[in-house]
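What follows is the content of structure-v8.cif (mmCIF, C-alpha atoms).
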data_entry
loop_
_atom_site.group_PDB
_atom_site.id
_atom_site.type_symbol
_atom_site.label_atom_id
_atom_site.label_comp_id
_atom_site.auth_asym_id
_atom_site.auth_seq_id
_atom_site.Cartn_x
_atom_site.Cartn_y
_atom_site.Cartn_z
ATOM 1 C CA MET A 276 -116.787 -58.565 -4.974
ATOM 2 C CA GLY A 277 -116.027 -59.705 -1.408
ATOM 3 C CA ALA A 278 -115.853 -62.863 0.708
ATOM 4 C CA GLY A 279 -119.558 -62.717 1.294
ATOM 5 C CA ASP A 280 -120.250 -63.421 -2.408
ATOM 6 C CA PHE A 281 -118.836 -67.018 -2.307
ATOM 7 C CA PRO A 282 -121.146 -69.927 -1.469
ATOM 8 C CA ALA A 283 -120.415 -71.417 2.003
ATOM 9 C CA GLY A 284 -117.389 -73.764 2.156
ATOM 10 C CA LEU A 285 -116.023 -72.764 -1.232
ATOM 11 C CA GLU A 286 -113.488 -70.382 0.220
ATOM 12 C CA GLU A 287 -112.001 -72.988 2.568
ATOM 13 C CA PHE A 288 -111.976 -75.470 -0.316
ATOM 14 C CA ILE A 289 -110.065 -73.054 -2.534
ATOM 15 C CA ALA A 290 -107.616 -72.218 0.260
ATOM 16 C CA ARG A 291 -106.925 -75.911 0.890
ATOM 17 C CA ARG A 292 -106.535 -76.716 -2.800
ATOM 18 C CA VAL A 293 -104.184 -73.785 -3.347
ATOM 19 C CA ASP A 294 -102.029 -74.922 -0.430
ATOM 20 C CA GLU A 295 -101.806 -78.430 -1.862
ATOM 21 C CA LEU A 296 -101.005 -77.242 -5.366
ATOM 22 C CA VAL A 297 -98.411 -74.688 -4.239
ATOM 23 C CA ALA A 298 -96.669 -77.258 -2.036
ATOM 24 C CA LYS A 299 -96.506 -79.691 -4.948
ATOM 25 C CA LYS A 300 -95.227 -77.037 -7.361
ATOM 26 C CA VAL A 301 -92.544 -75.871 -4.939
ATOM 27 C CA GLU A 302 -91.353 -79.446 -4.472
ATOM 28 C CA GLU A 303 -91.151 -79.952 -8.240
ATOM 29 C CA GLN A 304 -89.158 -76.757 -8.719
ATOM 30 C CA MET A 305 -86.818 -77.604 -5.870
ATOM 31 C CA ALA A 306 -86.188 -81.054 -7.304
ATOM 32 C CA GLN A 307 -85.202 -79.464 -10.599
ATOM 33 C CA LEU A 308 -82.853 -76.986 -8.936
ATOM 34 C CA LYS A 309 -80.716 -79.528 -7.125
ATOM 35 C CA PRO A 310 -80.463 -82.913 -8.825
ATOM 36 C CA LYS A 311 -79.836 -85.481 -6.126
ATOM 37 C CA GLY A 312 -76.279 -86.712 -6.181
ATOM 38 C CA PRO A 313 -73.948 -88.142 -3.570
ATOM 39 C CA PRO A 314 -72.803 -85.814 -0.770
ATOM 40 C CA SER A 315 -69.628 -83.914 -1.605
ATOM 41 C CA MET A 316 -66.726 -82.482 0.349
ATOM 42 C CA THR A 317 -63.774 -80.218 -0.313
ATOM 43 C CA ILE A 318 -60.773 -79.992 1.993
ATOM 44 C CA ILE A 319 -58.057 -77.337 1.917
ATOM 45 C CA ALA A 320 -54.866 -78.949 3.211
ATOM 46 C CA THR A 321 -52.348 -76.314 4.320
ATOM 47 C CA LYS A 322 -50.022 -78.152 6.707
ATOM 48 C CA GLY A 323 -47.008 -80.259 5.902
ATOM 49 C CA THR A 324 -46.110 -81.911 9.194
ATOM 50 C CA LEU A 325 -46.603 -85.616 9.870
ATOM 51 C CA ASP A 326 -49.342 -85.130 12.447
ATOM 52 C CA TRP A 327 -51.370 -82.725 10.314
ATOM 53 C CA ALA A 328 -51.004 -84.930 7.254
ATOM 54 C CA TYR A 329 -53.504 -87.310 8.843
ATOM 55 C CA PRO A 330 -56.745 -85.301 9.152
ATOM 56 C CA PRO A 331 -57.151 -84.476 5.434
ATOM 57 C CA TYR A 332 -56.486 -88.033 4.243
ATOM 58 C CA ILE A 333 -58.455 -89.762 6.993
ATOM 59 C CA LEU A 334 -61.464 -87.538 6.360
ATOM 60 C CA ALA A 335 -61.146 -87.850 2.583
ATOM 61 C CA SER A 336 -60.795 -91.644 2.571
ATOM 62 C CA THR A 337 -63.651 -92.075 5.053
ATOM 63 C CA ALA A 338 -65.936 -89.833 3.017
ATOM 64 C CA ALA A 339 -64.976 -91.722 -0.134
ATOM 65 C CA ALA A 340 -65.814 -95.002 1.637
ATOM 66 C CA LEU A 341 -69.247 -93.533 2.325
ATOM 67 C CA GLY A 342 -69.654 -92.845 -1.371
ATOM 68 C CA TRP A 343 -69.028 -89.090 -1.279
ATOM 69 C CA ASP A 344 -67.352 -86.987 -3.968
ATOM 70 C CA VAL A 345 -64.181 -85.594 -2.431
ATOM 71 C CA ALA A 346 -61.536 -83.111 -3.544
ATOM 72 C CA VAL A 347 -58.477 -82.055 -1.518
ATOM 73 C CA PHE A 348 -56.857 -78.739 -2.439
ATOM 74 C CA HIS A 349 -53.207 -78.805 -1.355
ATOM 75 C CA THR A 350 -51.714 -75.386 -0.756
ATOM 76 C CA PHE A 351 -48.723 -73.944 1.116
ATOM 77 C CA TYR A 352 -47.089 -76.658 3.148
ATOM 78 C CA GLY A 353 -49.914 -79.068 2.339
ATOM 79 C CA LEU A 354 -48.107 -79.471 -0.990
ATOM 80 C CA LYS A 355 -45.584 -81.620 0.863
ATOM 81 C CA LEU A 356 -48.273 -84.282 1.063
ATOM 82 C CA LEU A 357 -48.173 -84.605 -2.729
ATOM 83 C CA LEU A 358 -44.482 -85.503 -2.894
ATOM 84 C CA ARG A 359 -43.625 -89.009 -4.152
ATOM 85 C CA ASP A 360 -41.245 -89.374 -1.237
ATOM 86 C CA LEU A 361 -43.100 -88.752 2.015
ATOM 87 C CA SER A 362 -40.242 -89.810 4.277
ATOM 88 C CA GLY A 363 -39.423 -86.145 4.879
ATOM 89 C CA LEU A 364 -42.618 -85.485 6.833
ATOM 90 C CA GLN A 365 -41.674 -84.554 10.360
ATOM 91 C CA VAL A 366 -43.446 -83.563 13.548
ATOM 92 C CA SER A 367 -42.204 -81.153 16.186
ATOM 93 C CA PRO A 368 -43.333 -80.516 19.742
ATOM 94 C CA LEU A 369 -41.992 -76.970 19.321
ATOM 95 C CA GLY A 370 -44.885 -74.562 19.516
ATOM 96 C CA ASN A 371 -47.266 -77.527 19.735
ATOM 97 C CA PRO A 372 -48.478 -76.986 23.275
ATOM 98 C CA ALA A 373 -51.201 -79.632 23.214
ATOM 99 C CA MET A 374 -49.004 -82.368 21.752
ATOM 100 C CA PRO A 375 -48.753 -85.223 24.256
ATOM 101 C CA MET A 376 -45.319 -86.775 24.372
ATOM 102 C CA LYS A 377 -45.699 -90.362 25.501
ATOM 103 C CA MET A 378 -43.089 -93.029 24.963
ATOM 104 C CA PRO A 379 -44.328 -95.828 22.637
ATOM 105 C CA PHE A 380 -42.161 -98.482 24.264
ATOM 106 C CA GLY A 381 -41.555 -100.014 27.655
ATOM 107 C CA PRO A 382 -43.972 -101.213 30.355
ATOM 108 C CA GLN A 383 -47.447 -99.693 30.420
ATOM 109 C CA TRP A 384 -46.751 -97.496 33.482
ATOM 110 C CA PHE A 385 -43.847 -95.958 31.568
ATOM 111 C CA ARG A 386 -45.933 -95.467 28.433
ATOM 112 C CA ASP A 387 -48.571 -93.642 30.440
ATOM 113 C CA ILE A 388 -46.185 -90.852 31.476
ATOM 114 C CA SER A 389 -46.807 -87.599 29.640
ATOM 115 C CA TRP A 390 -43.492 -85.807 29.081
ATOM 116 C CA ASN A 391 -43.998 -82.070 29.196
ATOM 117 C CA MET A 392 -41.580 -80.571 26.688
ATOM 118 C CA PRO A 393 -40.682 -76.928 27.318
ATOM 119 C CA ASN A 394 -40.129 -75.132 23.988
ATOM 120 C CA ALA A 395 -36.457 -74.608 24.826
ATOM 121 C CA ILE A 396 -35.602 -78.270 24.368
ATOM 122 C CA PRO A 397 -36.769 -78.838 20.771
ATOM 123 C CA SER A 398 -35.352 -75.491 19.729
ATOM 124 C CA ILE A 399 -31.886 -76.103 21.161
ATOM 125 C CA VAL A 400 -31.332 -79.845 21.093
ATOM 126 C CA PRO A 401 -30.328 -80.841 17.558
ATOM 127 C CA GLY A 402 -32.110 -83.888 16.176
ATOM 128 C CA PHE A 403 -35.061 -83.498 18.532
ATOM 129 C CA GLU A 404 -37.574 -83.278 15.715
ATOM 130 C CA THR A 405 -36.179 -86.462 14.229
ATOM 131 C CA LEU A 406 -36.600 -88.128 17.615
ATOM 132 C CA ALA A 407 -40.152 -86.846 18.062
ATOM 133 C CA THR A 408 -41.000 -87.965 14.521
ATOM 134 C CA SER A 409 -39.763 -91.514 15.041
ATOM 135 C CA LEU A 410 -41.574 -91.720 18.405
ATOM 136 C CA MET A 411 -44.784 -90.615 16.753
ATOM 137 C CA LYS A 412 -44.366 -93.110 13.907
ATOM 138 C CA GLN A 413 -43.831 -95.878 16.475
ATOM 139 C CA THR A 414 -46.952 -94.755 18.355
ATOM 140 C CA PHE A 415 -49.005 -94.888 15.155
ATOM 141 C CA LYS A 416 -47.644 -98.331 14.335
ATOM 142 C CA ASN A 417 -48.489 -99.613 17.835
ATOM 143 C CA LYS A 418 -52.052 -98.387 17.528
ATOM 144 C CA GLY A 419 -52.608 -99.775 14.054
ATOM 145 C CA VAL A 420 -52.874 -96.381 12.375
ATOM 146 C CA ALA A 421 -52.177 -96.486 8.649
ATOM 147 C CA SER A 422 -49.169 -94.630 7.257
ATOM 148 C CA ILE A 423 -49.680 -91.474 5.203
ATOM 149 C CA GLU A 424 -48.551 -93.402 2.125
ATOM 150 C CA GLU A 425 -51.290 -95.972 2.682
ATOM 151 C CA LEU A 426 -53.973 -93.374 3.388
ATOM 152 C CA ARG A 427 -53.025 -91.395 0.305
ATOM 153 C CA ARG A 428 -53.110 -94.550 -1.817
ATOM 154 C CA THR A 429 -56.561 -95.319 -0.416
ATOM 155 C CA CYS A 430 -57.717 -91.842 -1.430
ATOM 156 C CA ILE A 431 -56.339 -92.277 -4.938
ATOM 157 C CA GLU A 432 -58.002 -95.680 -5.340
ATOM 158 C CA ALA A 433 -61.269 -94.155 -4.176
ATOM 159 C CA ASP A 434 -61.084 -91.417 -6.823
ATOM 160 C CA VAL A 435 -60.510 -88.590 -4.362
ATOM 161 C CA LYS A 436 -59.326 -85.620 -6.427
ATOM 162 C CA LEU A 437 -55.924 -84.421 -5.245
ATOM 163 C CA ILE A 438 -55.439 -80.860 -6.449
ATOM 164 C CA ALA A 439 -52.297 -78.723 -6.202
ATOM 165 C CA CYS A 440 -52.338 -74.971 -5.786
ATOM 166 C CA GLN A 441 -50.315 -73.698 -8.737
ATOM 167 C CA MET A 442 -49.414 -70.441 -7.009
ATOM 168 C CA THR A 443 -47.749 -71.977 -3.974
ATOM 169 C CA VAL A 444 -46.061 -74.596 -6.147
ATOM 170 C CA ASP A 445 -44.302 -71.654 -7.822
ATOM 171 C CA VAL A 446 -43.782 -69.600 -4.666
ATOM 172 C CA PHE A 447 -42.170 -72.383 -2.639
ATOM 173 C CA GLY A 448 -40.238 -73.785 -5.563
ATOM 174 C CA PHE A 449 -41.815 -77.229 -5.747
ATOM 175 C CA ASP A 450 -41.066 -79.186 -8.912
ATOM 176 C CA PRO A 451 -44.174 -80.948 -10.231
ATOM 177 C CA LYS A 452 -41.883 -83.838 -11.247
ATOM 178 C CA ASP A 453 -41.419 -84.522 -7.514
ATOM 179 C CA PHE A 454 -45.162 -84.917 -7.052
ATOM 180 C CA ILE A 455 -47.144 -88.113 -7.516
ATOM 181 C CA PRO A 456 -48.520 -88.442 -11.053
ATOM 182 C CA GLU A 457 -52.070 -88.773 -9.706
ATOM 183 C CA VAL A 458 -52.408 -85.031 -8.983
ATOM 184 C CA SER A 459 -55.624 -84.339 -10.884
ATOM 185 C CA GLN A 460 -54.957 -80.676 -11.629
ATOM 186 C CA TYR A 461 -52.894 -77.602 -10.873
ATOM 187 C CA CYS A 462 -55.097 -74.581 -10.362
ATOM 188 C CA GLY A 463 -55.794 -71.508 -8.274
ATOM 189 C CA ALA A 464 -58.366 -70.334 -5.791
ATOM 190 C CA THR A 465 -60.586 -69.054 -8.603
ATOM 191 C CA THR A 466 -61.040 -72.591 -9.887
ATOM 192 C CA PHE A 467 -61.241 -74.162 -6.472
ATOM 193 C CA LEU A 468 -63.680 -71.839 -4.693
ATOM 194 C CA PRO A 469 -66.670 -72.696 -6.918
ATOM 195 C CA MET A 470 -65.993 -76.381 -6.141
ATOM 196 C CA ALA A 471 -66.100 -75.548 -2.439
ATOM 197 C CA GLN A 472 -69.286 -73.588 -2.857
ATOM 198 C CA LYS A 473 -71.080 -76.513 -4.506
ATOM 199 C CA ALA A 474 -69.812 -79.018 -1.953
ATOM 200 C CA ASP A 475 -71.919 -80.019 1.041
ATOM 201 C CA VAL A 476 -68.957 -79.907 3.395
ATOM 202 C CA SER A 477 -65.919 -77.618 3.097
ATOM 203 C CA LEU A 478 -63.047 -77.935 5.517
ATOM 204 C CA PHE A 479 -59.890 -75.929 6.130
ATOM 205 C CA ILE A 480 -57.100 -77.900 7.757
ATOM 206 C CA MET B 300 -74.871 -116.447 11.464
ATOM 207 C CA ASP B 301 -73.997 -117.450 7.918
ATOM 208 C CA PHE B 302 -71.575 -115.350 5.962
ATOM 209 C CA ASP B 303 -69.882 -115.509 2.572
ATOM 210 C CA LYS B 304 -66.618 -113.796 3.398
ATOM 211 C CA GLU B 305 -64.695 -112.703 6.486
ATOM 212 C CA LEU B 306 -62.638 -109.554 6.835
ATOM 213 C CA ASP B 307 -60.026 -109.467 9.580
ATOM 214 C CA ALA B 308 -59.766 -105.831 10.641
ATOM 215 C CA ARG B 309 -58.147 -106.617 14.005
ATOM 216 C CA GLY B 310 -55.510 -104.098 15.050
ATOM 217 C CA LEU B 311 -56.593 -101.544 12.445
ATOM 218 C CA ALA B 312 -57.528 -98.047 13.521
ATOM 219 C CA CYS B 313 -60.004 -95.598 11.960
ATOM 220 C CA PRO B 314 -60.576 -95.251 9.026
ATOM 221 C CA MET B 315 -59.146 -98.606 7.892
ATOM 222 C CA PRO B 316 -61.944 -100.932 9.126
ATOM 223 C CA ILE B 317 -64.517 -99.008 7.082
ATOM 224 C CA VAL B 318 -62.236 -98.447 4.110
ATOM 225 C CA LYS B 319 -61.386 -102.154 3.901
ATOM 226 C CA THR B 320 -65.043 -103.098 4.383
ATOM 227 C CA LYS B 321 -65.991 -100.921 1.424
ATOM 228 C CA LYS B 322 -63.251 -102.440 -0.705
ATOM 229 C CA THR B 323 -64.178 -106.011 0.218
ATOM 230 C CA LEU B 324 -67.881 -105.433 -0.437
ATOM 231 C CA ALA B 325 -67.071 -104.073 -3.888
ATOM 232 C CA GLY B 326 -65.694 -107.482 -4.808
ATOM 233 C CA MET B 327 -68.758 -109.369 -3.590
ATOM 234 C CA ALA B 328 -72.099 -110.078 -5.226
ATOM 235 C CA ALA B 329 -75.270 -108.309 -4.130
ATOM 236 C CA GLY B 330 -76.972 -110.069 -1.245
ATOM 237 C CA GLN B 331 -73.816 -111.754 0.032
ATOM 238 C CA VAL B 332 -72.934 -111.356 3.706
ATOM 239 C CA LEU B 333 -69.582 -110.036 4.927
ATOM 240 C CA LYS B 334 -68.360 -110.778 8.445
ATOM 241 C CA ILE B 335 -65.984 -108.169 9.855
ATOM 242 C CA VAL B 336 -63.917 -108.618 13.020
ATOM 243 C CA ALA B 337 -62.397 -105.457 14.475
ATOM 244 C CA THR B 338 -60.709 -104.342 17.673
ATOM 245 C CA ASP B 339 -61.242 -100.586 17.168
ATOM 246 C CA ALA B 340 -63.885 -99.420 19.669
ATOM 247 C CA GLY B 341 -64.963 -96.656 17.283
ATOM 248 C CA SER B 342 -65.930 -99.233 14.665
ATOM 249 C CA VAL B 343 -69.186 -99.999 16.490
ATOM 250 C CA SER B 344 -70.775 -96.683 15.654
ATOM 251 C CA ASP B 345 -68.796 -96.409 12.400
ATOM 252 C CA MET B 346 -70.291 -99.659 11.024
ATOM 253 C CA GLN B 347 -73.778 -98.454 11.887
ATOM 254 C CA ALA B 348 -73.164 -95.121 10.177
ATOM 255 C CA PHE B 349 -71.569 -96.807 7.171
ATOM 256 C CA ALA B 350 -74.559 -99.131 6.783
ATOM 257 C CA GLU B 351 -77.021 -96.242 6.961
ATOM 258 C CA ALA B 352 -75.063 -94.059 4.556
ATOM 259 C CA THR B 353 -74.470 -96.717 1.926
ATOM 260 C CA GLY B 354 -77.726 -98.664 2.153
ATOM 261 C CA HIS B 355 -76.107 -101.946 3.168
ATOM 262 C CA GLN B 356 -77.921 -103.832 5.906
ATOM 263 C CA LEU B 357 -76.112 -104.326 9.214
ATOM 264 C CA LEU B 358 -77.491 -107.718 10.158
ATOM 265 C CA ALA B 359 -75.735 -107.973 13.526
ATOM 266 C CA SER B 360 -73.235 -106.120 15.691
ATOM 267 C CA GLN B 361 -71.727 -108.129 18.551
ATOM 268 C CA THR B 362 -69.059 -107.613 21.179
ATOM 269 C CA GLN B 363 -66.990 -110.712 21.891
ATOM 270 C CA GLY B 364 -64.462 -109.848 24.583
ATOM 271 C CA PRO B 365 -62.006 -107.330 23.113
ATOM 272 C CA GLU B 366 -63.359 -107.898 19.592
ATOM 273 C CA TYR B 367 -66.298 -106.476 17.709
ATOM 274 C CA VAL B 368 -68.011 -108.664 15.141
ATOM 275 C CA PHE B 369 -70.281 -107.291 12.408
ATOM 276 C CA TYR B 370 -72.349 -108.935 9.716
ATOM 277 C CA LEU B 371 -73.060 -106.708 6.721
ATOM 278 C CA LYS B 372 -75.266 -107.572 3.772
ATOM 279 C CA ASN B 373 -74.035 -106.336 0.423
#
Written as structure tokens, how would this file's structure read?
Amino acid sequence: MGAGDFPAGLEEFIARRVDELVAKKVEEQMAQLKPKGPPSMTIIATKGTLDWAYPPYILASTAAALGWDVAVFHTFYGLKLLLRDLSGLQVSPLGNPAMPMKMPFGPQWFRDISWNMPNAIPSIVPGFETLATSLMKQTFKNKGVASIEELRRTCIEADVKLIACQMTVDVFGFDPKDFIPEVSQYCGATTFLPMAQKADVSLFI
Amino acid sequence: MDFDKELDARGLACPMPIVKTKKTLAGMAAGQVLKIVATDAGSVSDMQAFAEATGHQLLASQTQGPEYVFYLKN
């Protein structure tokens, strides 16, 4: 039995029909595999300084505003972002070579000056980090940037899951009583990684 | 343009204009129009993206001097 045995046109008809049917079947199977839900994102927050507290919460609250499912896994120094009292968050120009130091007060020509801080100054001058932190807070206030407290509250109101890494809570001696009550769970990488795998976007900050 | 509610987002930086827009819309009925005034330059493309992502209709996006005015349909 070969191609020559089919009446003319039948073979093309069969080929076309098969293509249509296969395409439809594949679409049906695909639809069953991944039920359509909102986009999802997981963020691993590892830093505990004031400047790096912003990216996880800005991204999480923005995604939540877009209707996404978001979870933030706080580990290492990112756990500091879960403390009830966030006033201890500091920023340091030490070892932060790209950090622009501009004064948030005075006439505009003064504000435009970029002060190049050699590493020696923050490491020797006591209280420099406190100074840099208050300058940065003033800069944020001038520009209308929300505080970390406000951004975190926005995340909580938007049902962003704030997760704490149990291991680093133990290792760094954090007391869960010092954390906000809204921490949704304490778990490890084994629990978190499958969440990251299922998410559409996974970020490490 | 007619609107049912106005949100003053002047002086707020990303992500607050969008976050507050979302919150305000949640308290409004379907079909109502929200007027948002912002000074954040990034809000122009953000409002567009927000409208597309959430299915709300961006009726108008205008620049009035240093301010950006948006009309969003819930």
Contact set, chain A to chain B: 10 Å, only C-alpha atoms, as a PDB file with C-alpha atoms, in the frame of the given file:
ATOM      1  CA  TYR A 332     -56.486 -88.033   4.243  1.00  0.00           C
ATOM      2  CA  ILE A 333     -58.455 -89.762   6.993  1.00  0.00           C
ATOM      3  CA  LEU A 334     -61.464 -87.538   6.360  1.00  0.00           C
ATOM      4  CA  ALA A 335     -61.146 -87.850   2.583  1.00  0.00           C
ATOM      5  CA  SER A 336     -60.795 -91.644   2.571  1.00  0.00           C
ATOM      6  CA  THR A 337     -63.651 -92.075   5.053  1.00  0.00           C
ATOM      7  CA  ALA A 338     -65.936 -89.833   3.017  1.00  0.00           C
ATOM      8  CA  ALA A 339     -64.976 -91.722  -0.134  1.00  0.00           C
ATOM      9  CA  ALA A 340     -65.814 -95.002   1.637  1.00  0.00           C
ATOM     10  CA  LEU A 341     -69.247 -93.533   2.325  1.00  0.00           C
ATOM     11  CA  GLY A 342     -69.654 -92.845  -1.371  1.00  0.00           C
ATOM     12  CA  TRP A 343     -69.028 -89.090  -1.279  1.00  0.00           C
ATOM     13  CA  PHE A 415     -49.005 -94.888  15.155  1.00  0.00           C
ATOM     14  CA  LYS A 416     -47.644 -98.331  14.335  1.00  0.00           C
ATOM     15  CA  ASN A 417     -48.489 -99.613  17.835  1.00  0.00           C
ATOM     16  CA  LYS A 418     -52.052 -98.387  17.528  1.00  0.00           C
ATOM     17  CA  GLY A 419     -52.608 -99.775  14.054  1.00  0.00           C
ATOM     18  CA  VAL A 420     -52.874 -96.381  12.375  1.00  0.00           C
ATOM     19  CA  ALA A 421     -52.177 -96.486   8.649  1.00  0.00           C
ATOM     20  CA  GLU A 425     -51.290 -95.972   2.682  1.00  0.00           C
ATOM     21  CA  LEU A 426     -53.973 -93.374   3.388  1.00  0.00           C
ATOM     22  CA  THR A 429     -56.561 -95.319  -0.416  1.00  0.00           C
ATOM     23  CA  CYS A 430     -57.717 -91.842  -1.430  1.00  0.00           C
ATOM     24  CA  GLU A 432     -58.002 -95.680  -5.340  1.00  0.00           C
ATOM     25  CA  ALA A 433     -61.269 -94.155  -4.176  1.00  0.00           C
TER      26      ALA A 433
END
When the PyMOL selection byres ((chain A and resi 390) around 9) is applied to the file above, which residues end up in the set, as a compact mmCIF listing (two decimals) with C-alpha atoms, keeping the file's coordinate frame?
# COMPACT_ATOMS: atom_id res chain seq x y z
CA PRO A 375 -48.75 -85.22 24.26
CA MET A 376 -45.32 -86.78 24.37
CA LYS A 377 -45.70 -90.36 25.50
CA MET A 378 -43.09 -93.03 24.96
CA ILE A 388 -46.18 -90.85 31.48
CA SER A 389 -46.81 -87.60 29.64
CA ASN A 391 -44.00 -82.07 29.20
CA MET A 392 -41.58 -80.57 26.69
Can you pull out every residue within 10 Å of Gly323 in chain A, counting all atoms listed in the file, but drop anything in the same chain fewer than 2 positions away, and send it as a list in words?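 In the requested form, the answer reads Ala320, Thr321, Leu325, Asp326, Trp327, Ala328, His349, Thr350, Phe351, Tyr352, Gly353, Leu354, Lys355, Leu356, Leu357, Gly363, Leu364, Gln365 and Val366 of chain A.
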Suppose a student applies the PyMOL selection byres ((chain B and resi 323-334) around 9) to this structure; what residues should they get, written as an MDAnalysis selection string? chainID B and resid 301:307 318:322 335:336 358 368:373
Output of the above residues as an mmCIF file, in the coordinates of the input, restricted to C-alpha atoms:
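Saved the output as again_26.cif:
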data_model
loop_
_atom_site.group_PDB
_atom_site.id
_atom_site.type_symbol
_atom_site.label_atom_id
_atom_site.label_comp_id
_atom_site.auth_asym_id
_atom_site.auth_seq_id
_atom_site.Cartn_x
_atom_site.Cartn_y
_atom_site.Cartn_z
ATOM 1 C CA ASP B 301 -73.997 -117.450 7.918
ATOM 2 C CA PHE B 302 -71.575 -115.350 5.962
ATOM 3 C CA ASP B 303 -69.882 -115.509 2.572
ATOM 4 C CA LYS B 304 -66.618 -113.796 3.398
ATOM 5 C CA GLU B 305 -64.695 -112.703 6.486
ATOM 6 C CA LEU B 306 -62.638 -109.554 6.835
ATOM 7 C CA ASP B 307 -60.026 -109.467 9.580
ATOM 8 C CA VAL B 318 -62.236 -98.447 4.110
ATOM 9 C CA LYS B 319 -61.386 -102.154 3.901
ATOM 10 C CA THR B 320 -65.043 -103.098 4.383
ATOM 11 C CA LYS B 321 -65.991 -100.921 1.424
ATOM 12 C CA LYS B 322 -63.251 -102.440 -0.705
ATOM 13 C CA ILE B 335 -65.984 -108.169 9.855
ATOM 14 C CA VAL B 336 -63.917 -108.618 13.020
ATOM 15 C CA LEU B 358 -77.491 -107.718 10.158
ATOM 16 C CA VAL B 368 -68.011 -108.664 15.141
ATOM 17 C CA PHE B 369 -70.281 -107.291 12.408
ATOM 18 C CA TYR B 370 -72.349 -108.935 9.716
ATOM 19 C CA LEU B 371 -73.060 -106.708 6.721
ATOM 20 C CA LYS B 372 -75.266 -107.572 3.772
ATOM 21 C CA ASN B 373 -74.035 -106.336 0.423
#
The PyMOL selection byres ((chain A and resi 462) around 7) - which residues does that actually catch in the file I just gave you? List them as a PyMOL selection string. chain A and resi 439-441+460-461+463+466
Residues as selected, C-alpha atoms, written as a PDB file, keeping the file's coordinate frame, can you do that?
ATOM      1  CA  ALA A 439     -52.297 -78.723  -6.202  1.00  0.00           C
ATOM      2  CA  CYS A 440     -52.338 -74.971  -5.786  1.00  0.00           C
ATOM      3  CA  GLN A 441     -50.315 -73.698  -8.737  1.00  0.00           C
ATOM      4  CA  GLN A 460     -54.957 -80.676 -11.629  1.00  0.00           C
ATOM      5  CA  TYR A 461     -52.894 -77.602 -10.873  1.00  0.00           C
ATOM      6  CA  GLY A 463     -55.794 -71.508  -8.274  1.00  0.00           C
ATOM      7  CA  THR A 466     -61.040 -72.591  -9.887  1.00  0.00           C
TER       8      THR A 466
END
CA of Pro368 in chain A and CA of Phe403 in chain A are how many Å apart?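 These atoms are spaced 8.9 Å apart.
Going from CA of Val345 in chain A over to CA of Asp434 in chain A, you cover 7.9 Å.
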Can you sort out the box for range 380-383 of chain A, edges along x, y and z, all listed atoms in, 5 Å on every side, with centre and edge lengths in Å to one decimal, as lines of an AutoDock Vina configuration file?
center_x = -44.5
center_y = -99.8
center_z = 27.3
size_x = 15.9
size_y = 12.7
size_z = 16.2
Quick one: pull the distance between CA of Pro313 in chain A and CA of Val476 in chain A, Å, one decimal.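 If I compute the distance from CA of Pro313 in chain A to CA of Val476 in chain A, I get 11.9 Å.
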Can you pull out the residues contacting Asp453 in chain A? Cut-off 9 Å, using all atoms listed in the file, and skip same-chain residues under 3 positions away; I want them as a PyMOL selection string. chain A and resi 357-360+449-450+456
